[in-house]
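Data file: structure.cif. Format and content: mmCIF, C-alpha atoms.
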```cif
data_coords
#
loop_
_atom_site.label_atom_id
_atom_site.label_comp_id
_atom_site.auth_asym_id
_atom_site.auth_seq_id
_atom_site.Cartn_x
_atom_site.Cartn_y
_atom_site.Cartn_z
CA MET M 1 276.58 77.99 151.42
CA VAL M 2 274.52 75.56 153.45
CA GLY M 3 270.95 74.54 152.75
CA LEU M 4 268.21 71.97 152.86
CA HIS M 5 266.38 70.61 149.80
CA TRP M 6 263.25 68.53 149.62
CA ASN M 7 263.85 66.11 146.75
CA PHE M 8 260.44 65.27 145.26
CA GLY M 9 261.90 62.55 143.01
CA ASP M 10 263.35 60.54 145.90
CA VAL M 11 260.82 61.87 148.47
CA ARG M 12 263.40 62.83 151.10
CA PRO M 13 265.40 65.79 152.41
CA GLU M 14 268.99 66.54 151.41
CA LEU M 15 271.69 68.57 153.13
CA VAL M 16 273.35 70.85 150.56
CA LEU M 17 276.84 72.34 150.98
CA GLY M 18 278.59 74.47 148.40
CA VAL M 19 280.31 77.61 147.22
CA ARG M 20 279.14 80.30 144.81
CA ARG M 21 281.13 83.06 143.13
CA THR M 22 279.34 85.84 141.28
CA GLU M 23 280.14 89.17 139.69
CA THR M 24 277.60 91.99 139.48
CA LEU M 25 277.79 94.38 136.53
CA SER M 26 276.91 98.07 136.72
CA ASP M 27 273.36 97.33 135.43
CA ASP M 28 272.83 94.79 138.29
CA GLN M 29 273.19 91.79 135.97
CA VAL M 30 274.84 88.85 137.73
CA PHE M 31 276.96 86.02 136.35
CA GLY M 32 279.17 83.39 137.94
CA GLY M 33 279.30 79.78 139.04
CA LYS M 34 278.35 77.43 141.82
CA LEU M 35 279.71 74.09 143.04
CA ASP M 36 277.54 72.09 145.44
CA VAL M 37 277.07 68.65 146.93
CA ALA M 38 273.68 67.31 148.06
CA ILE M 39 273.80 64.58 150.70
CA PRO M 40 270.58 62.59 151.23
CA LEU M 41 269.42 62.55 154.85
CA THR M 42 268.71 58.86 155.27
CA THR M 43 269.61 55.99 157.57
CA ASP M 44 269.60 53.53 154.65
CA ILE M 45 273.25 53.34 153.57
CA ALA M 46 272.23 51.64 150.29
CA THR M 47 270.42 54.82 149.16
CA LEU M 48 273.09 57.25 150.38
CA LYS M 49 274.29 58.59 147.03
CA PRO M 50 275.53 62.21 147.22
CA VAL M 51 275.23 64.39 144.12
CA VAL M 52 277.98 66.82 143.05
CA ARG M 53 277.06 69.60 140.60
CA LEU M 54 278.85 72.44 138.79
CA LEU M 55 276.46 75.18 137.65
CA GLY M 56 276.69 78.40 135.70
CA VAL M 57 274.78 81.31 137.25
CA VAL M 58 273.20 84.21 135.32
CA GLY M 59 270.44 86.71 136.09
CA ASN M 60 269.99 89.83 138.15
CA ARG M 61 270.44 90.56 141.85
CA ASP M 62 266.91 89.34 142.68
CA VAL M 63 266.75 86.06 140.73
CA GLN M 64 269.41 83.96 139.02
CA GLY M 65 269.02 81.01 136.69
CA GLU M 66 271.38 78.06 137.15
CA ALA M 67 272.30 75.36 134.65
CA GLY M 68 275.02 72.76 134.45
CA GLY M 69 275.83 69.17 135.12
CA GLY M 70 277.16 66.80 137.67
CA ILE M 71 277.46 63.25 138.86
CA ARG M 72 275.83 61.08 141.49
CA LEU M 73 278.59 59.50 143.54
CA LEU M 74 278.85 55.77 144.27
CA ASP M 75 276.94 54.71 141.13
CA TRP M 76 278.60 57.42 138.95
CA GLN M 77 275.40 58.46 137.15
CA PRO M 78 275.75 61.72 135.18
CA LEU M 79 273.07 64.39 135.40
CA ILE M 80 271.93 67.64 133.84
CA ALA M 81 270.71 70.31 136.26
CA ALA M 82 268.69 73.52 136.00
CA GLY M 83 267.16 75.77 138.61
CA ILE M 84 266.31 79.21 139.94
CA GLN M 85 267.96 80.87 142.94
CA ALA M 86 266.48 83.80 144.88
CA PRO M 87 267.65 85.07 148.27
CA TYR M 88 267.46 82.17 150.73
CA SER M 89 265.41 79.96 148.37
CA THR M 90 265.89 77.71 145.36
CA ALA M 91 263.90 75.43 143.05
CA GLY M 92 264.99 73.22 140.21
CA ALA M 93 265.50 69.72 138.92
CA ASN M 94 268.22 67.22 138.22
CA TYR M 95 267.76 64.94 135.22
CA PHE M 96 269.45 61.55 135.51
CA PHE M 97 269.72 59.56 132.28
CA THR M 98 268.89 56.35 134.19
CA ASP M 99 266.27 57.61 136.71
CA GLY M 100 264.64 60.58 135.01
CA LEU M 101 263.67 63.94 136.50
CA LYS M 102 264.20 64.69 140.22
CA PRO M 103 262.67 68.11 141.10
CA TYR M 104 263.48 69.90 144.37
CA LEU M 105 262.61 72.94 146.48
CA GLY M 106 265.00 74.32 149.04
CA ILE M 107 266.14 76.95 151.48
CA ASN M 108 269.75 78.03 151.86
CA SER M 109 272.09 80.69 153.16
CA LEU M 110 272.63 82.45 149.81
CA VAL M 111 271.72 86.12 150.01
CA GLN M 112 271.20 88.60 147.20
CA PRO M 113 274.49 89.12 145.31
CA LYS M 114 276.34 92.29 146.26
CA ALA M 115 275.71 95.50 144.39
CA PRO M 116 278.41 96.48 141.91
CA ASN M 117 281.16 98.85 142.93
CA ARG M 118 280.01 102.03 141.29
CA PRO M 119 282.76 104.58 140.71
CA LEU M 120 282.40 107.91 142.43
CA ALA M 121 281.42 110.79 140.20
CA PRO M 122 284.42 112.95 139.31
CA ALA M 123 284.78 116.10 141.31
CA PRO M 124 283.89 119.25 139.34
CA PHE M 125 286.86 121.52 138.67
#
```

Once more with this new file: its structure as structure tokens, please.
Amino acid sequence: MVGLHWNFGDVRPELVLGVRRTETLSDDQVFGGKLDVAIPLTTDIATLKPVVRLLGVVGNRDVQGEAGGGIRLLDWQPLIAAGIQAPYSTAGANYFFTDGLKPYLGINSLVQPKAPNRPLAPAPF
């Protein structure tokens, strides 16, 4: 996965790279997990603090909720994260215990999760 977030808390864009693994059940319910890293796009090295998150994913094929935690690298600040993922778009927030809420909107390369493998109907005999 690759994407771009606009971080409203820090008022700057972030490059987001990650991986997502989901399973789709026969009723189109989706569950899984996602690991991502958000790298601020800045020329100020002092504010370059990437964020790494591990999120649980649950929902349906159209919209999934995400929740989990992570850490901001370099100053090692923990965070709690929650968001919503739809095909090619995301919204959510990271809550840092030291800095408060950092909401974001983004676009990414994540498509709708695949449909479940439905077994073929048995042949009539």

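Residues surrounding region 100-103 of chain M within 12 Å are His5, Trp6, Asn7, Phe8, Gly9, Asp10, Val11, Arg12, Pro13, Val51, Gln77, Pro78, Leu79, Ile80, Ala81, Ala82, Gly83, Ile84, Thr90, Ala91, Gly92, Ala93, Asn94, Tyr95 and Phe96 of chain M [all atoms listed in the file; sequence separation below 4 positions excluded].
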
Quote the spacing between CA of Lys34 (chain M) and CA of Arg61 (chain M) in Å to one decimal place.
-> 15.3 Å

Judged by all atoms listed in the file, the minimum distance to Leu48 (chain M) among M:Thr22, M:Leu15, M:Asn60, M:Asp36 is found for M:Leu15

Mind pulling up the distance from CA of Val63 (chain M) to CA of Asn117 (chain M)?
->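 CA of Asn117 (chain M) sits 19.4 Å away from CA of Val63 (chain M).
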
Show me as a PDB file with C-alpha atoms, in the coordinates of the input the residues that reach within 8 Å of (272.1, 71.2, 153.1), counting all atoms listed in the file and using the file's own coordinates.
```pdb
ATOM      1  CA  VAL M   2     274.520  75.560 153.450  1.00  0.00           C
ATOM      2  CA  GLY M   3     270.950  74.540 152.750  1.00  0.00           C
ATOM      3  CA  LEU M   4     268.210  71.970 152.860  1.00  0.00           C
ATOM      4  CA  HIS M   5     266.380  70.610 149.800  1.00  0.00           C
ATOM      5  CA  GLU M  14     268.990  66.540 151.410  1.00  0.00           C
ATOM      6  CA  LEU M  15     271.690  68.570 153.130  1.00  0.00           C
ATOM      7  CA  VAL M  16     273.350  70.850 150.560  1.00  0.00           C
ATOM      8  CA  LEU M  17     276.840  72.340 150.980  1.00  0.00           C
ATOM      9  CA  ALA M  38     273.680  67.310 148.060  1.00  0.00           C
ATOM     10  CA  ILE M  39     273.800  64.580 150.700  1.00  0.00           C
ATOM     11  CA  ASN M 108     269.750  78.030 151.860  1.00  0.00           C
TER      12      ASN M 108
END
```

Which residues match the PyMOL selection byres ((chain M and resi 54-57) around 9) in the file above, as a ChimeraX atom specification?
-> /M:20-22,30-36,52-53,58-59,64-70,81-82,85

Please dump the current selection as a tab-separated table (two decimals), in the coordinates of the input; keep C-alpha atoms.
```tsv
chain	number	residue	atom	x	y	z
M	20	ARG	CA	279.14	80.30	144.81
M	21	ARG	CA	281.13	83.06	143.13
M	22	THR	CA	279.34	85.84	141.28
M	30	VAL	CA	274.84	88.85	137.73
M	31	PHE	CA	276.96	86.02	136.35
M	32	GLY	CA	279.17	83.39	137.94
M	33	GLY	CA	279.30	79.78	139.04
M	34	LYS	CA	278.35	77.43	141.82
M	35	LEU	CA	279.71	74.09	143.04
M	36	ASP	CA	277.54	72.09	145.44
M	52	VAL	CA	277.98	66.82	143.05
M	53	ARG	CA	277.06	69.60	140.60
M	58	VAL	CA	273.20	84.21	135.32
M	59	GLY	CA	270.44	86.71	136.09
M	64	GLN	CA	269.41	83.96	139.02
M	65	GLY	CA	269.02	81.01	136.69
M	66	GLU	CA	271.38	78.06	137.15
M	67	ALA	CA	272.30	75.36	134.65
M	68	GLY	CA	275.02	72.76	134.45
M	69	GLY	CA	275.83	69.17	135.12
M	70	GLY	CA	277.16	66.80	137.67
M	81	ALA	CA	270.71	70.31	136.26
M	82	ALA	CA	268.69	73.52	136.00
M	85	GLN	CA	267.96	80.87	142.94
```

Work out how far CA of Arg72 (chain M) is from CA of Thr98 (chain M), in Å to one decimal.
->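 Interatomic distance here is 11.1 Å.
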
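Around Leu110 (chain M), within 7 Å and counting only C-alpha atoms, the residues found are M:Met1, M:Pro87, M:Tyr88, once anything fewer than 3 positions away on its own chain is removed.
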
Across M:Leu41, M:Asp62, M:Pro50, M:Trp76, the smallest distance to Lys114 (chain M), with only C-alpha atoms counted, is shown by M:Asp62

Mind dumping region 9-34 of chain M from that block, keeping N, CA, C and O atoms, as a compact mmCIF listing (two decimals), in the first residue's frame?
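Generated output (part_1.txt):
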```
# COMPACT_ATOMS: atom_id res chain seq x y z
N GLY M 9 -3.50 17.90 12.24
CA GLY M 9 -2.87 18.27 13.51
C GLY M 9 -1.53 18.96 13.32
O GLY M 9 -1.22 19.94 13.99
N ASP M 10 -0.72 18.46 12.38
CA ASP M 10 0.59 19.05 12.12
C ASP M 10 0.57 19.96 10.88
O ASP M 10 1.58 20.57 10.55
N VAL M 11 -0.56 20.03 10.19
CA VAL M 11 -0.76 20.86 9.00
C VAL M 11 0.32 20.60 7.96
O VAL M 11 1.06 21.50 7.55
N ARG M 12 0.41 19.33 7.54
CA ARG M 12 1.37 18.96 6.49
C ARG M 12 1.02 17.60 5.91
O ARG M 12 0.33 16.79 6.53
N PRO M 13 1.52 17.33 4.71
CA PRO M 13 1.29 16.02 4.09
C PRO M 13 2.24 14.96 4.64
O PRO M 13 3.31 15.28 5.18
N GLU M 14 1.81 13.69 4.51
CA GLU M 14 2.63 12.55 4.92
C GLU M 14 2.56 11.48 3.83
O GLU M 14 1.49 11.21 3.29
N LEU M 15 3.70 10.88 3.53
CA LEU M 15 3.75 9.71 2.67
C LEU M 15 3.49 8.50 3.55
O LEU M 15 4.12 8.36 4.61
N VAL M 16 2.57 7.63 3.14
CA VAL M 16 2.22 6.45 3.94
C VAL M 16 2.54 5.20 3.14
O VAL M 16 2.13 5.06 1.99
N LEU M 17 3.28 4.29 3.77
CA LEU M 17 3.63 3.00 3.17
C LEU M 17 3.18 1.92 4.14
O LEU M 17 3.31 2.08 5.36
N GLY M 18 2.67 0.81 3.61
CA GLY M 18 2.24 -0.24 4.52
C GLY M 18 1.79 -1.50 3.82
O GLY M 18 1.85 -1.62 2.59
N VAL M 19 1.32 -2.43 4.65
CA VAL M 19 0.78 -3.70 4.17
C VAL M 19 -0.53 -3.96 4.92
O VAL M 19 -0.68 -3.58 6.07
N ARG M 20 -1.47 -4.60 4.23
CA ARG M 20 -2.74 -4.97 4.83
C ARG M 20 -3.05 -6.40 4.44
O ARG M 20 -2.84 -6.81 3.29
N ARG M 21 -3.57 -7.16 5.37
CA ARG M 21 -4.00 -8.54 5.12
C ARG M 21 -5.41 -8.67 5.65
O ARG M 21 -5.67 -8.38 6.81
N THR M 22 -6.33 -9.07 4.78
CA THR M 22 -7.72 -9.24 5.20
C THR M 22 -8.26 -10.58 4.73
O THR M 22 -7.77 -11.16 3.77
N GLU M 23 -9.29 -11.03 5.40
CA GLU M 23 -10.06 -12.20 5.02
C GLU M 23 -11.50 -11.75 4.85
O GLU M 23 -12.01 -10.95 5.64
N THR M 24 -12.16 -12.27 3.83
CA THR M 24 -13.56 -11.94 3.59
C THR M 24 -14.39 -13.20 3.82
O THR M 24 -14.13 -14.24 3.21
N LEU M 25 -15.38 -13.09 4.70
CA LEU M 25 -16.26 -14.22 4.99
C LEU M 25 -17.35 -14.33 3.93
O LEU M 25 -17.53 -13.43 3.10
N SER M 26 -18.11 -15.40 3.97
CA SER M 26 -19.13 -15.65 2.94
C SER M 26 -20.22 -14.58 2.93
O SER M 26 -20.87 -14.38 1.92
N ASP M 27 -20.43 -13.87 4.05
CA ASP M 27 -21.43 -12.80 4.09
C ASP M 27 -20.83 -11.43 3.80
O ASP M 27 -21.41 -10.40 4.10
N ASP M 28 -19.63 -11.40 3.20
CA ASP M 28 -18.89 -10.19 2.81
C ASP M 28 -18.36 -9.39 3.99
O ASP M 28 -17.95 -8.25 3.82
N GLN M 29 -18.37 -9.96 5.18
CA GLN M 29 -17.73 -9.30 6.33
C GLN M 29 -16.22 -9.48 6.20
O GLN M 29 -15.74 -10.54 5.79
N VAL M 30 -15.48 -8.44 6.56
CA VAL M 30 -14.02 -8.41 6.39
C VAL M 30 -13.37 -8.23 7.75
O VAL M 30 -13.84 -7.45 8.59
N PHE M 31 -12.27 -8.95 7.97
CA PHE M 31 -11.45 -8.73 9.16
C PHE M 31 -10.00 -8.95 8.80
O PHE M 31 -9.68 -9.63 7.81
N GLY M 32 -9.10 -8.35 9.56
CA GLY M 32 -7.68 -8.50 9.28
C GLY M 32 -6.85 -7.50 10.03
O GLY M 32 -7.22 -7.05 11.12
N GLY M 33 -5.70 -7.14 9.45
CA GLY M 33 -4.79 -6.23 10.11
C GLY M 33 -4.01 -5.40 9.10
O GLY M 33 -3.96 -5.72 7.91
N LYS M 34 -3.44 -4.32 9.60
CA LYS M 34 -2.66 -3.42 8.75
C LYS M 34 -1.48 -2.88 9.55
O LYS M 34 -1.61 -2.55 10.73
```
